[in-house]
Amino acid sequence: MTINKISQKKNNSSIQVLKTLQVLLQGTYSMKELVNLLNQKEEGAVFNNSVISKYINTCRYCGFEIPKINNQYYIAKVPFGLDLSDIDIELLETVQNYVADEMSSRCKGLIDSFCYKIAHFSNKKISAVEKKEFNYTIELFERAKAKKHKVKLIFKNHNVLECIPIDITQQGKKLFLNIFCKKYRSIDAARLSGIKLSGQRYIDPFAGDQTVIFKLSGNLAKRYEARENETVENNLDGTITVKNRNENKEMLFSRLLRYDDKCELIQPKMYRDDMKILIDEMLKNYGV
Amino acid sequence: MLEKYEKEDLCQMSLTGIRSLSLLGLLIKAPRSLEEIKQSFIENNIMQESNSYDIIRIDLNTLKSMGCVISRADRRTNNKYVLLEHPFKIQITEDEVKTLKKAFNKIKENADVKILLGYNELFNKIADFAPNEDIKQQLLGISPLKKYSIDIVETLHNACRTGKEVVLIYKSPVSNKECEKTVVSEKVVLQNDKLYLYCVDKNSGESIYLNLKRILKIISQSDSSGNNEAKKVNIKFELKNFGISGLEENESIISGDLEHGFVIEGKYHNEFYATQRILSFGSNCTVIEPECFKEKIIEILKKMREIYNDNK
């Protein structure tokens with residue numbers, strides 16, 4: 001046989017085994033569904049129950065775990081998939097537990113699905129996370145944020161605070177709802193008895209297409225490393241002008257304050273004014 | 001991967017299918033030469049010594065026809081076939097990666113470098129099985145260590161655990177010139193998504209911290225000699241609200257509660273870092289002592305206010 005002819009030859013039976021494997025990697029299917037899915041791209045009825053069973057056995061022999069539960073076939077283990085270490089499993093479970101405890105049920109669904117796929121594609125199992133009670137307050141806070149609705153926080157002492165939801169952070173075992181209002185920046189979730197969606201919508205004070213311009217001077221200007229959301233222009237006087245897009249306002253202000261008098265917030269004017277007010281407040285703390 | 005093949009099983013399986021799956025598995029794990037593939041097939045009873053290499057070439061064609069991209073085995077690849085791309089990947093979605101990133105961004109805030117190194121390796125592993133280049137890049141982009149030399153991070157992390165003296169080449173952020181530094185490493189930390197080495201400069205005896213991105217090379221390591229205990233800067237301050245970031249491990253609550261605020265004691269590596277940290281709390285924070293540090297913060301704030309005095 002010449003090399004030329006060899007280069008064109010392939011095994012049809014192997015191709016069908018690989019096609020069966022490819023479909024099984026997409027999800028869980030009954031035999032009938034497998035037959036339909038696999039024949040969709042064929043000219044005739046190439047696949048039937050008998051050959052698919054043979055191909056599944058072939059995959060099983062090669063180390064694929066393909067259980068049949070309630071007449072549904074799925075891949076439970078891939079022999080040449082991800083080679084996960086015990087540490088990898090621990091790290092994935094940390095993510096899964098964090099999302100289950102602290103994030104919305106939608107996020108939990110997404111990360112569970114992610115871990116499910118990883119587990120099926122690996123040589124190790126990732127243990128299922130215990131189902132936690134649905135945290136309605138957290139869920140509603142996130143929903144309000146997504147829909148840009150203000151929220152009314154109801155305190156255990158019956159006070160009500162209307163505010164803009166920002167995000168949720170954790171300090172040790174405590175959960176804090178970070179909010180935007182005149183009086184508070186964040187509220188310990190334990191102080192709340194409930195939360196209501198306010199009918200009022202808000203314009204996100206942090207996100208959107210917000211560009212903030214600040215100028216840096218001195219050594220900081222020389223060593224500043226722009227972030228992914230920033231562009232830098234060098235000025236003739238040795239200063240640099242940084243254009244920052246869409247950074248959380250509170251995070252940005254906290255960072256710019258660290259740069260002390262080597263940083264000047266230029267635009268937008270509202271931010272500049274807010275920075276000025278903030279510095280005045282800081283000075284007031286010292287009676288100045 | 002395979003159990004030894006028994007002839008009586010043949011009727012229930014596809015022998016050529018077994019070879020293709022075995023070949024795929026072999027190539028996913030590492031590049032292989034024809035000889036290595038044949039040897040593995042013989043060991044697993046799915047090929048005989050007398051069989052020609054053409055059988056394997058046909059198996060390679062079969063994989064290619066299924067969408068596998070396999071390089072030629074030539075001098076550049078050490079006569080090995082390299083699997084560059086294959087369609088048997090994990091169907092990870094963009095939303096799943098976004099959620100993973102969101103969760104990881106919270107987890108990393110309190111994670112030490114060992115954990116960050118672990119996640120970096122994990123994301124790299126998963127990225128190899130990403131269904132497309134976009135998802136792969138998104139996965140590779142999650143880890144804050146993506147821009148660092150992992151060798152340097154690991155070496156410094158280990159040096160910190162044993163308190164080793166390290167001689168390194170550092171590119172100064174001010175002069176942009178390379179210089180040799182001898183330091184006693186204390187800890188590698190992630191701050192504002194950047195890695196810093198906290199250490200004591202052996203020449204000056206001062207506590208310094210170096211951006212790991214600027215550490216170009218580690219020349220040597222040795223057991224440190226003498227007293228390398230760096231003097232810490234102790235600051236006591238009042239904090240009304242934790243705001244966006246939690247307390248650092250070097251900060252402890254002395255008294256107070258959420259309603260009335262806390263009195264915190266921070267032990268900082270140097271005064272520069274202490275100043276930055278205090279300023280970053282904004283109006284939530286008031287320095288209590290030492291008096292000289294309090295005065296320094298007031299002076300800085302006055303200078304900052306001057307910048308925003310539009311009537312000047």
# chains A, B, ... in the order shown; residues from 1 in each chain; ligands from 1

call {"tool": "select_by_dssp", "arguments": {"residues": "stretch 161-306 of chain B", "states": "strand (DSSP E or B)", "output": "number ranges by chain"}}
result
B: 165-171, 178-191, 194-201, 207-211, 215-222, 233-239, 251-257, 261-268, 285-289

call {"tool": "write_last_selection", "arguments": {"atoms": "C-alpha atoms", "output": "short mmCIF file (atom, residue, chain, number, x, y, z; two decimals), in the first residue's frame"}}
result
data_model
loop_
_atom_site.label_atom_id
_atom_site.label_comp_id
_atom_site.auth_asym_id
_atom_site.auth_seq_id
_atom_site.Cartn_x
_atom_site.Cartn_y
_atom_site.Cartn_z
CA GLU B 165 18.00 34.80 52.55
CA VAL B 166 17.52 35.37 48.83
CA VAL B 167 19.76 37.14 46.33
CA LEU B 168 17.67 38.43 43.46
CA ILE B 169 17.70 40.78 40.49
CA TYR B 170 15.13 43.53 40.85
CA LYS B 171 14.12 46.15 38.32
CA GLU B 178 18.23 46.29 37.30
CA CYS B 179 19.97 45.87 40.63
CA GLU B 180 20.99 42.97 42.85
CA LYS B 181 19.29 42.78 46.23
CA THR B 182 19.88 40.50 49.18
CA VAL B 183 16.75 40.11 51.24
CA VAL B 184 15.36 37.95 54.00
CA SER B 185 11.96 36.87 52.74
CA GLU B 186 8.97 37.07 55.07
CA LYS B 187 5.83 36.56 53.03
CA VAL B 188 4.39 36.77 49.55
CA VAL B 189 1.00 38.45 49.52
CA LEU B 190 -1.64 39.41 46.99
CA GLN B 191 -2.68 43.05 47.27
CA LYS B 194 -0.56 42.21 42.53
CA LEU B 195 1.92 39.96 44.28
CA TYR B 196 4.42 41.51 46.67
CA LEU B 197 7.35 40.03 48.52
CA TYR B 198 7.56 41.40 52.04
CA CYS B 199 11.16 41.18 53.15
CA VAL B 200 14.03 42.79 55.02
CA ASP B 201 16.74 44.42 52.92
CA SER B 207 11.50 46.41 55.81
CA ILE B 208 10.63 46.65 52.16
CA TYR B 209 8.16 45.09 49.78
CA LEU B 210 8.91 44.25 46.21
CA ASN B 211 6.48 43.82 43.33
CA ILE B 215 11.82 40.42 40.35
CA LEU B 216 13.54 39.21 37.21
CA LYS B 217 15.69 36.42 38.55
CA ILE B 218 16.57 34.59 41.72
CA ILE B 219 20.31 34.11 41.91
CA SER B 220 20.71 32.14 45.10
CA GLN B 221 19.14 31.15 48.40
CA SER B 222 20.76 30.43 51.72
CA VAL B 233 4.99 50.05 62.66
CA ASN B 234 2.16 49.80 65.20
CA ILE B 235 -0.89 51.96 64.57
CA LYS B 236 -4.05 52.12 66.64
CA PHE B 237 -7.10 53.46 64.83
CA GLU B 238 -10.85 53.66 64.99
CA LEU B 239 -12.84 52.09 62.19
CA GLU B 251 -4.77 43.86 62.07
CA SER B 252 -6.72 42.89 65.18
CA ILE B 253 -9.83 44.25 66.85
CA ILE B 254 -9.10 45.56 70.34
CA SER B 255 -12.62 46.66 71.22
CA GLY B 256 -15.92 47.92 69.85
CA ASP B 257 -18.84 46.63 67.83
CA GLY B 261 -17.20 51.16 65.46
CA PHE B 262 -14.06 49.25 66.33
CA VAL B 263 -10.67 50.09 67.75
CA ILE B 264 -8.10 48.25 65.66
CA GLU B 265 -4.43 47.69 66.15
CA GLY B 266 -2.41 47.22 62.96
CA LYS B 267 1.19 46.05 62.82
CA TYR B 268 2.54 47.17 59.48
CA CYS B 285 -11.00 55.59 59.83
CA THR B 286 -9.42 57.87 62.45
CA VAL B 287 -5.90 57.31 63.72
CA ILE B 288 -5.70 57.23 67.52
CA GLU B 289 -1.99 56.71 68.05
#

call {"tool": "select_by_dssp", "arguments": {"residues": "stretch 148-282 of chain A", "states": "alpha helix (DSSP H)", "output": "PyMOL selection string"}}
result
chain A and resi 218-223+249-258+269-282

call {"tool": "residues_around", "arguments": {"residues": "A:Gln96", "least_positions_apart": "4", "cutoff": "8 Å", "atoms": "only C-alpha atoms", "output": "PyMOL selection string"}}
result
chain A and resi 92+100+108+111-112+115+129

call {"tool": "write_last_selection", "arguments": {"atoms": "C-alpha atoms", "output": "CSV table (one decimal), in the first residue's frame"}}
result
chain,number,residue,atom,x,y,z
A,92,LEU,CA,-13.2,23.1,43.4
A,100,ALA,CA,-23.8,27.6,47.6
A,108,LYS,CA,-25.3,27.9,42.4
A,111,ILE,CA,-21.3,26.3,39.3
A,112,ASP,CA,-22.9,22.9,40.1
A,115,CYS,CA,-18.4,21.0,38.7
A,129,VAL,CA,-22.5,20.0,48.1

call {"tool": "residues_around", "arguments": {"residues": "A:Ile75", "least_positions_apart": "2", "cutoff": "12 Å", "atoms": "only C-alpha atoms", "output": "number ranges by chain"}}
result
A: 20-29, 56, 59-60, 63-69, 72-73, 77-79, 81, 116-123; B: 90

call {"tool": "write_last_selection", "arguments": {"atoms": "N, CA and C atoms", "output": "short mmCIF file (atom, residue, chain, number, x, y, z; two decimals), in the first residue's frame"}}
result
data_model
loop_
_atom_site.label_atom_id
_atom_site.label_comp_id
_atom_site.auth_asym_id
_atom_site.auth_seq_id
_atom_site.Cartn_x
_atom_site.Cartn_y
_atom_site.Cartn_z
N THR A 20 -20.22 8.36 18.74
CA THR A 20 -21.06 7.97 19.89
C THR A 20 -20.52 8.62 21.16
N LEU A 21 -19.21 8.57 21.29
CA LEU A 21 -18.56 9.17 22.47
C LEU A 21 -18.83 10.68 22.52
N GLN A 22 -18.69 11.30 21.34
CA GLN A 22 -18.87 12.76 21.27
C GLN A 22 -20.29 13.17 21.73
N VAL A 23 -21.28 12.41 21.30
CA VAL A 23 -22.66 12.72 21.70
C VAL A 23 -22.84 12.49 23.20
N LEU A 24 -22.30 11.38 23.69
CA LEU A 24 -22.45 11.08 25.12
C LEU A 24 -21.77 12.13 26.00
N LEU A 25 -20.73 12.75 25.48
CA LEU A 25 -20.05 13.79 26.26
C LEU A 25 -20.90 15.05 26.41
N GLN A 26 -21.94 15.16 25.58
CA GLN A 26 -22.80 16.36 25.64
C GLN A 26 -23.87 16.26 26.72
N GLY A 27 -24.26 15.05 27.11
CA GLY A 27 -25.33 14.97 28.11
C GLY A 27 -25.78 13.55 28.41
N THR A 28 -27.00 13.46 28.93
CA THR A 28 -27.57 12.17 29.33
C THR A 28 -28.69 11.81 28.35
N TYR A 29 -28.62 10.65 27.76
CA TYR A 29 -29.60 10.30 26.73
C TYR A 29 -30.08 8.86 26.87
N ILE A 56 -20.86 1.61 22.89
CA ILE A 56 -20.80 1.98 24.32
C ILE A 56 -19.89 1.00 25.06
N CYS A 59 -16.34 1.87 24.40
CA CYS A 59 -15.91 3.00 25.25
C CYS A 59 -15.67 2.52 26.68
N ARG A 60 -16.60 1.70 27.17
CA ARG A 60 -16.46 1.19 28.55
C ARG A 60 -15.16 0.41 28.70
N GLY A 63 -12.14 2.34 29.40
CA GLY A 63 -12.04 3.03 30.69
C GLY A 63 -13.09 4.09 30.93
N PHE A 64 -14.00 4.29 29.97
CA PHE A 64 -15.08 5.26 30.19
C PHE A 64 -16.12 4.60 31.08
N GLU A 65 -16.53 5.32 32.13
CA GLU A 65 -17.62 4.78 32.94
C GLU A 65 -18.90 5.32 32.35
N ILE A 66 -19.73 4.42 31.80
CA ILE A 66 -21.00 4.85 31.19
C ILE A 66 -22.13 4.07 31.84
N PRO A 67 -22.63 4.58 32.97
CA PRO A 67 -23.73 3.86 33.61
C PRO A 67 -25.04 4.04 32.84
N LYS A 68 -25.95 3.09 33.05
CA LYS A 68 -27.29 3.21 32.48
C LYS A 68 -28.25 3.27 33.66
N ILE A 69 -28.79 4.44 33.89
CA ILE A 69 -29.70 4.60 35.02
C ILE A 69 -31.03 5.12 34.49
N GLN A 72 -31.23 5.72 30.91
CA GLN A 72 -30.48 6.87 30.39
C GLN A 72 -28.98 6.56 30.50
N TYR A 73 -28.27 6.87 29.43
CA TYR A 73 -26.82 6.65 29.42
C TYR A 73 -26.11 8.00 29.63
N LYS A 77 -17.15 8.99 33.94
CA LYS A 77 -15.70 9.14 34.10
C LYS A 77 -15.02 9.00 32.75
N VAL A 78 -14.05 9.91 32.52
CA VAL A 78 -13.29 9.85 31.27
C VAL A 78 -11.84 9.48 31.61
N PRO A 79 -11.34 8.39 31.03
CA PRO A 79 -10.00 7.93 31.47
C PRO A 79 -8.87 8.88 31.11
N GLY A 81 -9.26 12.17 30.63
CA GLY A 81 -9.71 13.54 30.84
C GLY A 81 -8.79 14.29 31.78
N TYR A 116 -20.11 19.50 37.82
CA TYR A 116 -20.65 18.22 37.31
C TYR A 116 -19.89 17.82 36.04
N LYS A 117 -19.72 18.81 35.16
CA LYS A 117 -19.01 18.53 33.90
C LYS A 117 -17.54 18.17 34.17
N ILE A 118 -16.93 18.94 35.06
CA ILE A 118 -15.51 18.69 35.38
C ILE A 118 -15.36 17.28 35.98
N ALA A 119 -16.29 16.98 36.91
CA ALA A 119 -16.22 15.67 37.58
C ALA A 119 -16.34 14.55 36.56
N HIS A 120 -17.25 14.72 35.59
CA HIS A 120 -17.45 13.67 34.59
C HIS A 120 -16.28 13.57 33.63
N PHE A 121 -15.53 14.62 33.54
CA PHE A 121 -14.42 14.63 32.59
C PHE A 121 -13.10 14.34 33.29
N SER A 122 -13.19 13.94 34.54
CA SER A 122 -11.94 13.74 35.26
C SER A 122 -11.84 12.32 35.78
N ASN A 123 -10.71 12.05 36.39
CA ASN A 123 -10.49 10.73 36.95
C ASN A 123 -10.88 10.68 38.43
N ILE B 90 -14.72 19.57 27.29
CA ILE B 90 -15.81 19.81 28.25
C ILE B 90 -16.63 20.99 27.74
#

call {"tool": "closest_residue", "arguments": {"among": "A:Lys276, A:Arg245, A:Lys183, A:Lys152", "to": "chain B", "atoms": "only C-alpha atoms"}}
result
A:Lys276

call {"tool": "closest_residue", "arguments": {"among": "B:Val113, B:Leu140, B:Ile46, B:Ala103", "to": "chain A", "atoms": "only C-alpha atoms"}}
result
B:Ala103

call {"tool": "residues_around", "arguments": {"residues": "B:Thr99", "least_positions_apart": "5", "cutoff": "9 Å", "atoms": "only C-alpha atoms", "output": "list in words"}}
result
Val99, Cys107, Lys108, Leu110 and Ile111 of chain A; Glu94 and Phe104 of chain B

call {"tool": "residues_around", "arguments": {"residues": "B:His157", "least_positions_apart": "2", "cutoff": "8 Å", "atoms": "only C-alpha atoms", "output": "PyMOL selection string"}}
result
chain B and resi 113-114+153-155+159-161+187-188

call {"tool": "write_last_selection", "arguments": {"atoms": "N, CA and C atoms", "output": "compact mmCIF listing (two decimals), in the first residue's frame"}}
result
# COMPACT_ATOMS: atom_id res chain seq x y z
N VAL B 113 -0.69 32.36 49.21
CA VAL B 113 -0.09 32.13 47.89
C VAL B 113 -0.16 30.66 47.47
N LYS B 114 -0.09 29.77 48.46
CA LYS B 114 -0.15 28.34 48.13
C LYS B 114 -1.50 28.01 47.47
N VAL B 153 7.44 32.72 41.80
CA VAL B 153 6.44 32.77 42.88
C VAL B 153 6.65 31.58 43.83
N GLU B 154 6.81 30.39 43.25
CA GLU B 154 6.97 29.19 44.07
C GLU B 154 8.26 29.24 44.89
N THR B 155 9.35 29.68 44.25
CA THR B 155 10.63 29.74 44.95
C THR B 155 10.55 30.72 46.13
N ALA B 159 10.85 30.07 50.06
CA ALA B 159 11.89 30.80 50.82
C ALA B 159 11.27 31.49 52.04
N CYS B 160 10.05 31.98 51.88
CA CYS B 160 9.36 32.65 53.00
C CYS B 160 9.05 31.65 54.11
N ARG B 161 8.63 30.45 53.71
CA ARG B 161 8.27 29.44 54.72
C ARG B 161 9.46 29.11 55.60
N LYS B 187 7.07 37.13 53.57
CA LYS B 187 5.83 36.56 53.03
C LYS B 187 5.56 37.11 51.64
N VAL B 188 4.85 36.31 50.86
CA VAL B 188 4.39 36.77 49.55
C VAL B 188 2.89 36.98 49.69

call {"tool": "atom_distance", "arguments": {"atom1": "atom CA of B:Val97", "atom2": "atom CA of A:Phe114"}}
result
8.2 Å

call {"tool": "residues_around", "arguments": {"residues": "stretch 33-42 of chain B", "least_positions_apart": "2", "cutoff": "6 Å", "atoms": "only C-alpha atoms", "output": "VMD selection string"}}
result
chain B and resid 44 to 48 79 to 81
